$ cat upload_30.cif   # mmCIF, C-alpha atoms
data_model
loop_
_atom_site.label_atom_id
_atom_site.label_comp_id
_atom_site.auth_asym_id
_atom_site.auth_seq_id
_atom_site.Cartn_x
_atom_site.Cartn_y
_atom_site.Cartn_z
CA MET A 1069 -35.38 44.58 -60.09
CA SER A 1070 -38.95 45.62 -59.41
CA ASN A 1071 -39.93 49.28 -59.60
CA ASP A 1072 -43.15 49.26 -57.57
CA TYR A 1073 -41.55 50.93 -54.57
CA LYS A 1074 -42.22 54.66 -54.43
CA HIS A 1075 -40.44 56.84 -51.93
CA PRO A 1076 -42.85 58.95 -49.82
CA SER A 1077 -41.05 62.11 -50.72
CA ARG A 1078 -41.73 61.43 -54.34
CA ALA A 1079 -45.01 59.51 -54.39
CA GLY A 1080 -46.84 61.17 -51.55
CA VAL A 1081 -48.52 59.14 -48.79
CA VAL A 1082 -47.94 55.36 -49.03
CA SER A 1083 -49.97 52.76 -47.13
CA ASP A 1084 -48.30 50.30 -44.73
CA ASP A 1085 -49.17 47.36 -46.99
CA ASP A 1086 -47.58 48.97 -49.99
CA PHE A 1087 -44.49 49.78 -47.98
CA ASP A 1088 -44.26 46.19 -46.72
CA ARG A 1089 -44.68 44.73 -50.21
CA ALA A 1090 -42.05 47.06 -51.57
CA LEU A 1091 -39.50 46.02 -48.92
CA ARG A 1092 -40.17 42.30 -49.43
CA ALA A 1093 -39.66 42.75 -53.17
CA ARG A 1094 -36.36 44.49 -52.49
CA HIS A 1095 -35.31 41.61 -50.21
CA ARG A 1096 -36.21 38.97 -52.83
CA ASP A 1097 -34.16 40.80 -55.44
CA ALA A 1098 -31.18 41.10 -53.10
CA ALA A 1099 -31.38 37.44 -52.03
CA ALA A 1100 -31.59 36.30 -55.64
CA SER A 1101 -28.40 38.10 -56.46
CA LEU A 1102 -26.34 36.25 -53.78
CA SER A 1103 -23.91 33.52 -54.85
CA PRO A 1104 -24.87 29.87 -54.09
CA ARG A 1105 -21.97 29.60 -51.61
CA VAL A 1106 -23.15 32.58 -49.55
CA GLN A 1107 -26.70 31.27 -49.63
CA ALA A 1108 -25.56 27.88 -48.31
CA GLN A 1109 -23.62 29.56 -45.47
CA LEU A 1110 -26.62 31.63 -44.50
CA GLN A 1111 -28.90 28.59 -44.43
CA GLN A 1112 -26.40 26.70 -42.27
CA ARG A 1113 -26.21 29.55 -39.76
CA LEU A 1114 -29.98 29.85 -39.75
CA ARG A 1115 -30.34 26.15 -38.88
CA ALA A 1116 -27.76 26.43 -36.10
CA SER A 1117 -29.50 29.43 -34.58
CA ARG A 1118 -32.82 27.58 -34.53
CA MET A 1119 -31.42 24.62 -32.46
CA PRO A 1120 -29.78 26.17 -29.34
CA ALA A 1121 -31.07 23.56 -26.87
CA ALA A 1122 -29.47 20.46 -28.42
CA PRO A 1123 -25.79 21.05 -27.37
CA ALA A 1124 -26.92 21.91 -23.85
CA ARG A 1125 -28.72 18.60 -23.58
CA GLN A 1126 -25.61 16.79 -24.83
CA GLN A 1127 -23.42 18.53 -22.23
CA ASN A 1128 -25.78 17.60 -19.42
CA ALA A 1129 -25.78 14.00 -20.58
CA ALA A 1130 -21.95 13.97 -20.67
CA TRP A 1131 -21.68 15.30 -17.11
CA GLY A 1132 -24.20 12.77 -15.91
CA LEU A 1133 -22.27 9.99 -17.60
CA ALA A 1134 -19.02 11.21 -16.02
CA LEU A 1135 -20.52 11.19 -12.54
CA ALA A 1136 -22.09 7.77 -13.03
CA CYS A 1137 -18.81 6.28 -14.28
CA SER A 1138 -16.91 7.80 -11.36
CA LEU A 1139 -19.29 6.40 -8.79
CA ALA A 1140 -19.23 3.00 -10.48
CA LEU A 1141 -15.42 2.99 -10.46
CA VAL A 1142 -15.23 3.86 -6.78
CA LEU A 1143 -17.76 1.15 -6.00
CA VAL A 1144 -15.91 -1.51 -8.02
CA VAL A 1145 -12.50 -0.70 -6.52
CA GLY A 1146 -13.95 -0.65 -3.02
CA ILE A 1147 -15.60 -4.05 -3.46
CA HIS A 1148 -12.43 -5.48 -4.99
CA ARG A 1149 -10.30 -4.29 -2.07
CA ARG A 1150 -12.70 -5.73 0.46
CA ALA A 1151 -12.87 -9.05 -1.38
CA THR A 1152 -9.08 -9.41 -1.71
CA GLY A 1153 -8.40 -8.35 1.86
CA ASP A 1154 -6.55 -5.25 0.75
CA MET A 1155 -8.26 -3.19 3.42
CA PRO A 1156 -6.07 -2.33 6.41
CA ALA A 1157 -6.27 -5.11 8.94
CA THR A 1158 -6.36 -4.54 12.65
CA PRO A 1159 -2.93 -3.35 13.79
CA VAL A 1160 -2.62 -5.95 16.50
CA ALA A 1161 -3.19 -8.79 14.08
CA ALA A 1162 -0.47 -7.52 11.76
CA THR A 1163 1.97 -7.05 14.61
CA SER A 1164 1.31 -10.46 16.12
CA ASN A 1165 1.89 -12.20 12.80
CA THR A 1166 5.23 -10.58 12.12
CA ASP A 1167 6.56 -11.00 15.67
CA ALA A 1168 5.11 -14.44 16.39
CA ASN A 1169 8.23 -16.40 15.44
CA GLU A 1170 10.50 -14.00 17.29
CA LEU A 1171 8.36 -14.21 20.40
CA VAL A 1172 8.60 -18.01 20.54
CA ALA A 1173 12.25 -18.10 19.50
CA THR A 1174 13.14 -15.72 22.35
CA LEU A 1175 12.29 -18.44 24.86
CA ASP A 1176 13.19 -21.46 22.76
CA GLU A 1177 16.92 -21.02 23.35
CA ALA A 1178 18.79 -19.65 26.34
CA PRO A 1179 18.93 -15.85 26.24
CA ASP A 1180 22.66 -16.11 26.99
CA LEU A 1181 23.15 -18.08 23.77
CA TYR A 1182 21.72 -15.16 21.78
CA LEU A 1183 23.91 -12.77 23.80
CA TRP A 1184 27.02 -14.81 22.99
CA LEU A 1185 25.96 -15.02 19.34
CA ALA A 1186 25.99 -11.22 19.21
CA SER A 1187 29.56 -11.08 20.60
CA ASP A 1188 32.82 -10.66 18.70
CA ASP A 1189 33.95 -14.01 20.09
CA ALA A 1190 31.10 -15.88 18.36
CA ASN A 1191 31.48 -13.79 15.26
CA ASN A 1192 35.17 -14.75 14.94
CA MET A 1193 34.63 -18.46 15.57
CA LEU A 1194 31.54 -18.95 13.44
CA SER A 1195 32.62 -16.89 10.47
CA GLU A 1196 35.83 -18.85 9.88
CA MET B 873 -8.31 20.26 -29.33
CA LYS B 874 -10.19 18.88 -26.31
CA SER B 875 -13.61 20.39 -25.64
CA PRO B 876 -14.46 21.74 -22.17
CA THR B 877 -16.88 18.84 -21.77
CA THR B 878 -14.13 16.26 -22.28
CA ILE B 879 -11.78 18.03 -19.87
CA GLY B 880 -14.54 18.25 -17.28
CA PHE B 881 -15.34 14.57 -17.76
CA VAL B 882 -11.72 13.54 -17.12
CA PHE B 883 -11.43 15.88 -14.13
CA VAL B 884 -14.54 14.53 -12.42
CA LEU B 885 -13.42 10.96 -13.12
CA ALA B 886 -9.96 11.55 -11.60
CA LEU B 887 -11.40 13.40 -8.62
CA ALA B 888 -13.85 10.66 -7.78
CA ALA B 889 -11.41 7.80 -8.31
CA ALA B 890 -8.57 9.33 -6.27
CA PRO B 891 -9.70 8.03 -2.84
CA ALA B 892 -10.14 4.53 -4.20
CA PHE B 893 -6.58 4.31 -5.47
CA ALA B 894 -4.96 6.18 -2.59
CA ALA B 895 -2.67 4.20 -0.25
CA PRO B 896 -4.44 2.78 2.79
CA PRO B 897 -4.03 4.96 5.87
CA ALA B 898 -1.24 4.04 8.24
CA PRO B 899 -2.50 2.06 11.24
CA ALA B 900 -2.73 3.95 14.49
CA PRO B 901 0.19 3.38 16.87
CA LEU B 902 -0.54 0.68 19.42
CA PRO B 903 -0.56 1.53 23.11
CA ALA B 904 1.62 -0.02 25.81
CA TRP B 905 0.86 -3.57 26.95
CA ASP B 906 -1.13 -2.41 29.97
CA GLN B 907 -3.45 -0.41 27.73
CA LEU B 908 -4.18 -3.33 25.38
CA SER B 909 -7.54 -5.03 25.67
CA PRO B 910 -7.64 -8.66 26.90
CA ALA B 911 -8.52 -9.76 23.37
CA GLN B 912 -5.51 -7.94 21.94
CA ARG B 913 -3.19 -9.48 24.53
CA ASP B 914 -4.53 -12.94 23.77
CA LEU B 915 -3.87 -12.34 20.10
CA VAL B 916 -0.25 -11.32 20.69
CA ILE B 917 0.67 -14.20 23.00
CA ALA B 918 -1.23 -16.84 21.01
CA PRO B 919 1.96 -18.28 19.39
CA LEU B 920 3.59 -18.66 22.80
CA ARG B 921 0.49 -20.28 24.25
CA ASP B 922 0.51 -22.82 21.42
CA ARG B 923 4.20 -23.51 21.98
CA TRP B 924 3.65 -23.93 25.72
CA ASN B 925 0.72 -26.33 25.29
CA ALA B 926 2.30 -28.35 22.48
CA ASP B 927 5.07 -29.94 24.53
CA PRO B 928 4.80 -30.30 28.32
CA GLN B 929 8.42 -31.54 28.50
CA THR B 930 9.79 -28.17 27.43
CA ARG B 931 7.73 -26.00 29.77
CA ALA B 932 10.42 -25.91 32.48
CA ARG B 933 13.01 -24.83 29.92
CA LEU B 934 10.76 -22.09 28.52
CA PHE B 935 10.05 -20.86 32.03
CA GLN B 936 13.73 -20.83 32.93
CA HIS B 937 14.54 -18.82 29.81
CA ALA B 938 11.78 -16.34 30.64
CA GLN B 939 13.22 -15.88 34.13
CA ARG B 940 16.71 -15.31 32.71
CA TRP B 941 15.34 -12.82 30.17
CA GLN B 942 13.81 -10.83 33.00
CA GLN B 943 17.24 -10.50 34.64
CA LEU B 944 18.81 -8.93 31.57
CA THR B 945 19.40 -5.21 31.37
CA PRO B 946 17.81 -3.23 28.52
CA GLU B 947 21.22 -3.07 26.84
CA GLN B 948 21.63 -6.85 27.10
CA ARG B 949 18.13 -7.37 25.71
CA ALA B 950 19.01 -5.21 22.74
CA ARG B 951 22.15 -7.29 22.10
CA MET B 952 20.12 -10.45 22.57
CA ARG B 953 17.75 -9.35 19.85
CA HIS B 954 20.75 -8.81 17.57
CA GLY B 955 21.93 -12.36 18.29
CA LEU B 956 18.42 -13.68 17.74
CA GLY B 957 18.42 -12.02 14.33
CA LYS B 958 21.60 -13.88 13.39
CA TRP B 959 20.15 -17.13 14.76
CA GLU B 960 17.08 -16.88 12.58
CA HIS B 961 19.27 -16.75 9.45
CA MET B 962 21.23 -19.90 10.35
CA ASP B 963 20.65 -23.36 8.90
CA PRO B 964 20.24 -26.39 11.26
CA GLN B 965 23.93 -27.36 11.06
CA GLN B 966 25.10 -23.83 11.93
CA ARG B 967 22.71 -23.82 14.88
CA GLU B 968 24.08 -27.14 16.07
CA THR B 969 27.61 -25.75 15.94
CA THR B 970 26.56 -22.59 17.77
CA ARG B 971 24.88 -24.56 20.56
CA ALA B 972 27.92 -26.80 21.04
CA LEU B 973 30.41 -23.92 21.08
CA PHE B 974 28.30 -21.75 23.39
CA HIS B 975 27.74 -24.44 26.00
CA LYS B 976 31.38 -25.50 25.90
CA MET B 977 32.75 -21.95 26.16
CA ARG B 978 30.38 -21.13 29.00
CA ASP B 979 31.90 -23.83 31.22
CA LEU B 980 35.53 -23.00 30.50
CA THR B 981 37.98 -20.72 32.23
CA PRO B 982 39.32 -17.71 30.28
CA GLU B 983 42.56 -19.59 29.58
CA GLN B 984 40.70 -22.66 28.38
CA ARG B 985 38.54 -20.48 26.11
CA THR B 986 41.62 -18.97 24.52
CA ALA B 987 42.97 -22.49 23.93
CA LEU B 988 39.69 -23.65 22.39
CA ARG B 989 39.59 -20.62 20.07
CA GLU B 990 43.09 -21.44 18.88
CA GLN B 991 42.21 -25.13 18.49
CA TRP B 992 39.03 -24.24 16.58
CA ARG B 993 40.94 -21.93 14.28
CA ARG B 994 43.29 -24.74 13.25
CA MET B 995 40.55 -27.36 12.68
CA THR B 996 39.42 -28.45 9.23
CA PRO B 997 35.66 -28.46 8.50
CA GLU B 998 35.60 -32.23 9.03
CA GLN B 999 37.37 -31.92 12.38
CA ARG B 1000 34.94 -29.22 13.46
CA ARG B 1001 32.02 -31.45 12.52
CA ALA B 1002 33.50 -34.24 14.62
CA TRP B 1003 34.12 -31.85 17.52
CA VAL B 1004 30.47 -30.68 17.42
CA ASP B 1005 29.27 -34.31 17.38
CA GLY B 1006 31.40 -35.05 20.45
CA ASN B 1007 30.33 -31.94 22.33
CA ARG B 1008 26.59 -31.88 21.98
CA PRO B 1009 25.07 -29.92 24.88
CA PRO B 1010 22.86 -31.81 27.29
CA ALA B 1011 19.16 -31.10 27.08
CA ASP B 1012 18.07 -28.36 29.52
#
$ encode --input "upload_30.cif" --output "C-alpha cells"
Amino acid sequence: MSNDYKHPSRAGVVSDDDFDRALRARHRDAAASLSPRVQAQLQQRLRASRMPAAPARQQNAAWGLALACSLALVLVVGIHRRATGDMPATPVAATSNTDANELVATLDEAPDLYLWLASDDANNMLSE
Amino acid sequence: MKSPTTIGFVFVLALAAAPAFAAPPAPAPLPAWDQLSPAQRDLVIAPLRDRWNADPQTRARLFQHAQRWQQLTPEQRARMRHGLGKWEHMDPQQRETTRALFHKMRDLTPEQRTALREQWRRMTPEQRRAWVDGNRPPAD
C-alpha cells in the first residue's frame, strides 16, 4: 500500500491534485486486493449498466412483431372465409334452399293424403 | 418462467385473432311475406315456379292442391306438415302403398273401411303388393 497520502490534520494544507492522487492510489490498492471472482462480477455489472437501451429496443421489436402477426392472421382467416363461402349468406337464400323441397312436395300430393298419413289409421296400417 | 414480453405477445395475438375465429353472427329474423322484397319472394318461390313450368300436364293438379290447402284450418295444416314429414322419409314402394290405401279408404263407408283394415291386417306382404297393384289410384 502506498503511503503518499497525508491527512490534512497531520500534514497541514494539501492541494486538490495531491488529494486526488492519494485517493486514486487508495482505490488501486483496494481494487488489486479483490478476488478474481468479485472482479469479474463487477465488470459484468458495469457492462450491463452501460447498455440500458438494448433491452428496450428488443421489447419494442417484440410488440411490433406481435401486432404484425395478429393483423396478418386476421387478414388470412378473413380471406379464407370469404373464399370458402364461410361468410353468412343472405337469410332468404338459406331459407329457400332448406324449404324448397317441402314447398314443392306440399302441392305435389293431395293435402288430404298428408293429413291421412298423420292419422292413427295410417300409422296402424302402414307400420304392420 | 415466461417474460412479460412473451405474455404480452400471446395476449395481443389472442385478442386480435378472436373475432376471426368467432362464430358467424346469427342471421336477422326474416319479416312476414308481405314485408319481403320482390326479389326475396322470387327467390323463395323459385322451386315452385320451376315445378309449374316443367310439366304443363300437372298444373291443374297443383292448382287443385293449392286450393284445398287454403281450405285447411291452421290445426289441419300443422298435421299435414307432420304427414309430409313422414312422406319424405318413405321409399317409392311405401309411397305407392300409401297412395293406394288413401284413395281406397277415402271412397269407402266407415263399415267398409273397418273391413279393409281387417283384410289388410291378415294379408301377407305378397298379397299386399298384389292389392296395391290392383288398386292404383287414377291420375288426378
$ closest_residue --input "upload_30.cif" --among "A:Asp1086, A:Asp1097, A:Asp1188, A:Glu1196" --to "chain B" --atoms "all atoms listed in the file"
A:Glu1196
$ resolve_selection --input "upload_30.cif" --expression "the PyMOL selection byres ((chain A and resi 1193) around 10)" --output "list in words"
Asp1188, Asp1189, Ala1190, Asn1191, Asn1192, Leu1194, Ser1195 and Glu1196 of chain A; Thr970, Leu973, Leu988, Arg989, Glu990, Trp992 and Arg993 of chain B
$ resolve_selection --input "upload_30.cif" --expression "the PyMOL selection byres ((chain B and resi 922-924) around 12)" --output "JSON, numbers by chain"
{"A": [1168, 1169, 1171, 1172, 1173, 1174, 1175, 1176], "B": [914, 915, 916, 917, 918, 919, 920, 921, 925, 926, 927, 928, 929, 930, 931, 932, 933, 934, 935]}
$ residues_around --input "upload_30.cif" --residues "Gly957 of chain B" --least-positions-apart "2" --cutoff "12 Å" --atoms "all atoms listed in the file" --output "PyMOL selection string"
(chain A and resi 1167+1169-1171+1173-1174+1182-1183+1185-1186) or (chain B and resi 950-955+959-962)
$ atom_distance --input "upload_30.cif" --atom1 "atom CA of Trp941 of chain B" --atom2 "atom CA of Pro1179 of chain A"
6.1 Å
$ atom_distance --input "upload_30.cif" --atom1 "atom CA of Gln965 of chain B" --atom2 "atom CA of Leu1181 of chain A"
15.8 Å
$ closest_residue --input "upload_30.cif" --among "B:Pro1009, B:Pro901, B:Pro910, B:Pro997" --to "Arg978 of chain B" --atoms "all atoms listed in the file"
B:Pro1009
$ closest_residue --input "upload_30.cif" --among "A:Ala1140, A:Ala1090, A:Ala1134, A:Gln1111" --to "chain B" --atoms "all atoms listed in the file"
A:Ala1134
$ atom_distance --input "upload_30.cif" --atom1 "atom CA of Val1004 of chain B" --atom2 "atom CA of Ala972 of chain B"
5.9 Å
$ residues_around --input "upload_30.cif" --residues "Ala1002 of chain B" --least-positions-apart "6" --cutoff "12 Å" --atoms "all atoms listed in the file" --output "ChimeraX atom specification"
/B:968-969,972,992,995-996,1008
$ closest_residue --input "upload_30.cif" --among "B:Arg913, B:Met977, B:Gln966, B:Asp906" --to "Arg1000 of chain B" --atoms "all atoms listed in the file"
B:Gln966
$ build_atoms --input "upload_30.cif" --residues "segment 1087-1111 of chain A" --atoms "N, CA and C atoms" --output "PDB file, in the frame of the given file"
ATOM      1  N   PHE A1087     -45.877  49.673 -48.449  1.00  0.00           N
ATOM      2  CA  PHE A1087     -44.490  49.780 -47.980  1.00  0.00           C
ATOM      3  C   PHE A1087     -43.916  48.396 -47.684  1.00  0.00           C
ATOM      4  N   ASP A1088     -44.710  47.544 -47.066  1.00  0.00           N
ATOM      5  CA  ASP A1088     -44.260  46.190 -46.720  1.00  0.00           C
ATOM      6  C   ASP A1088     -43.977  45.394 -47.998  1.00  0.00           C
ATOM      7  N   ARG A1089     -44.877  45.465 -48.949  1.00  0.00           N
ATOM      8  CA  ARG A1089     -44.680  44.730 -50.210  1.00  0.00           C
ATOM      9  C   ARG A1089     -43.421  45.202 -50.914  1.00  0.00           C
ATOM     10  N   ALA A1090     -43.228  46.532 -50.891  1.00  0.00           N
ATOM     11  CA  ALA A1090     -42.050  47.060 -51.570  1.00  0.00           C
ATOM     12  C   ALA A1090     -40.761  46.548 -50.936  1.00  0.00           C
ATOM     13  N   LEU A1091     -40.716  46.502 -49.593  1.00  0.00           N
ATOM     14  CA  LEU A1091     -39.500  46.020 -48.920  1.00  0.00           C
ATOM     15  C   LEU A1091     -39.265  44.541 -49.168  1.00  0.00           C
ATOM     16  N   ARG A1092     -40.321  43.738 -49.163  1.00  0.00           N
ATOM     17  CA  ARG A1092     -40.170  42.300 -49.430  1.00  0.00           C
ATOM     18  C   ARG A1092     -39.644  42.067 -50.841  1.00  0.00           C
ATOM     19  N   ALA A1093     -40.143  42.886 -51.802  1.00  0.00           N
ATOM     20  CA  ALA A1093     -39.660  42.750 -53.170  1.00  0.00           C
ATOM     21  C   ALA A1093     -38.172  43.072 -53.258  1.00  0.00           C
ATOM     22  N   ARG A1094     -37.777  44.134 -52.524  1.00  0.00           N
ATOM     23  CA  ARG A1094     -36.360  44.490 -52.490  1.00  0.00           C
ATOM     24  C   ARG A1094     -35.529  43.330 -51.916  1.00  0.00           C
ATOM     25  N   HIS A1095     -36.037  42.702 -50.852  1.00  0.00           N
ATOM     26  CA  HIS A1095     -35.310  41.610 -50.210  1.00  0.00           C
ATOM     27  C   HIS A1095     -35.170  40.414 -51.155  1.00  0.00           C
ATOM     28  N   ARG A1096     -36.262  40.085 -51.873  1.00  0.00           N
ATOM     29  CA  ARG A1096     -36.210  38.970 -52.830  1.00  0.00           C
ATOM     30  C   ARG A1096     -35.144  39.226 -53.891  1.00  0.00           C
ATOM     31  N   ASP A1097     -35.145  40.471 -54.402  1.00  0.00           N
ATOM     32  CA  ASP A1097     -34.160  40.800 -55.440  1.00  0.00           C
ATOM     33  C   ASP A1097     -32.740  40.670 -54.914  1.00  0.00           C
ATOM     34  N   ALA A1098     -32.536  41.153 -53.680  1.00  0.00           N
ATOM     35  CA  ALA A1098     -31.180  41.100 -53.100  1.00  0.00           C
ATOM     36  C   ALA A1098     -30.762  39.662 -52.847  1.00  0.00           C
ATOM     37  N   ALA A1099     -31.702  38.839 -52.325  1.00  0.00           N
ATOM     38  CA  ALA A1099     -31.380  37.440 -52.030  1.00  0.00           C
ATOM     39  C   ALA A1099     -31.082  36.669 -53.314  1.00  0.00           C
ATOM     40  N   ALA A1100     -31.793  37.013 -54.393  1.00  0.00           N
ATOM     41  CA  ALA A1100     -31.590  36.300 -55.640  1.00  0.00           C
ATOM     42  C   ALA A1100     -30.218  36.600 -56.238  1.00  0.00           C
ATOM     43  N   SER A1101     -29.690  37.730 -55.879  1.00  0.00           N
ATOM     44  CA  SER A1101     -28.400  38.100 -56.460  1.00  0.00           C
ATOM     45  C   SER A1101     -27.206  37.527 -55.695  1.00  0.00           C
ATOM     46  N   LEU A1102     -27.451  36.830 -54.552  1.00  0.00           N
ATOM     47  CA  LEU A1102     -26.340  36.250 -53.780  1.00  0.00           C
ATOM     48  C   LEU A1102     -25.801  34.998 -54.459  1.00  0.00           C
ATOM     49  N   SER A1103     -24.514  34.727 -54.278  1.00  0.00           N
ATOM     50  CA  SER A1103     -23.910  33.520 -54.850  1.00  0.00           C
ATOM     51  C   SER A1103     -24.411  32.284 -54.102  1.00  0.00           C
ATOM     52  N   PRO A1104     -24.411  31.104 -54.771  1.00  0.00           N
ATOM     53  CA  PRO A1104     -24.870  29.870 -54.090  1.00  0.00           C
ATOM     54  C   PRO A1104     -24.097  29.583 -52.810  1.00  0.00           C
ATOM     55  N   ARG A1105     -22.783  29.886 -52.791  1.00  0.00           N
ATOM     56  CA  ARG A1105     -21.970  29.600 -51.610  1.00  0.00           C
ATOM     57  C   ARG A1105     -22.432  30.417 -50.404  1.00  0.00           C
ATOM     58  N   VAL A1106     -22.696  31.712 -50.645  1.00  0.00           N
ATOM     59  CA  VAL A1106     -23.150  32.580 -49.550  1.00  0.00           C
ATOM     60  C   VAL A1106     -24.535  32.135 -49.072  1.00  0.00           C
ATOM     61  N   GLN A1107     -25.363  31.723 -50.030  1.00  0.00           N
ATOM     62  CA  GLN A1107     -26.700  31.270 -49.630  1.00  0.00           C
ATOM     63  C   GLN A1107     -26.624  30.010 -48.745  1.00  0.00           C
ATOM     64  N   ALA A1108     -25.707  29.102 -49.113  1.00  0.00           N
ATOM     65  CA  ALA A1108     -25.560  27.880 -48.310  1.00  0.00           C
ATOM     66  C   ALA A1108     -25.078  28.215 -46.899  1.00  0.00           C
ATOM     67  N   GLN A1109     -24.125  29.171 -46.804  1.00  0.00           N
ATOM     68  CA  GLN A1109     -23.620  29.560 -45.470  1.00  0.00           C
ATOM     69  C   GLN A1109     -24.725  30.176 -44.631  1.00  0.00           C
ATOM     70  N   LEU A1110     -25.534  30.988 -45.235  1.00  0.00           N
ATOM     71  CA  LEU A1110     -26.620  31.630 -44.500  1.00  0.00           C
ATOM     72  C   LEU A1110     -27.635  30.596 -43.999  1.00  0.00           C
ATOM     73  N   GLN A1111     -27.935  29.619 -44.860  1.00  0.00           N
ATOM     74  CA  GLN A1111     -28.900  28.590 -44.430  1.00  0.00           C
ATOM     75  C   GLN A1111     -28.346  27.759 -43.274  1.00  0.00           C
TER      76      GLN A1111
END
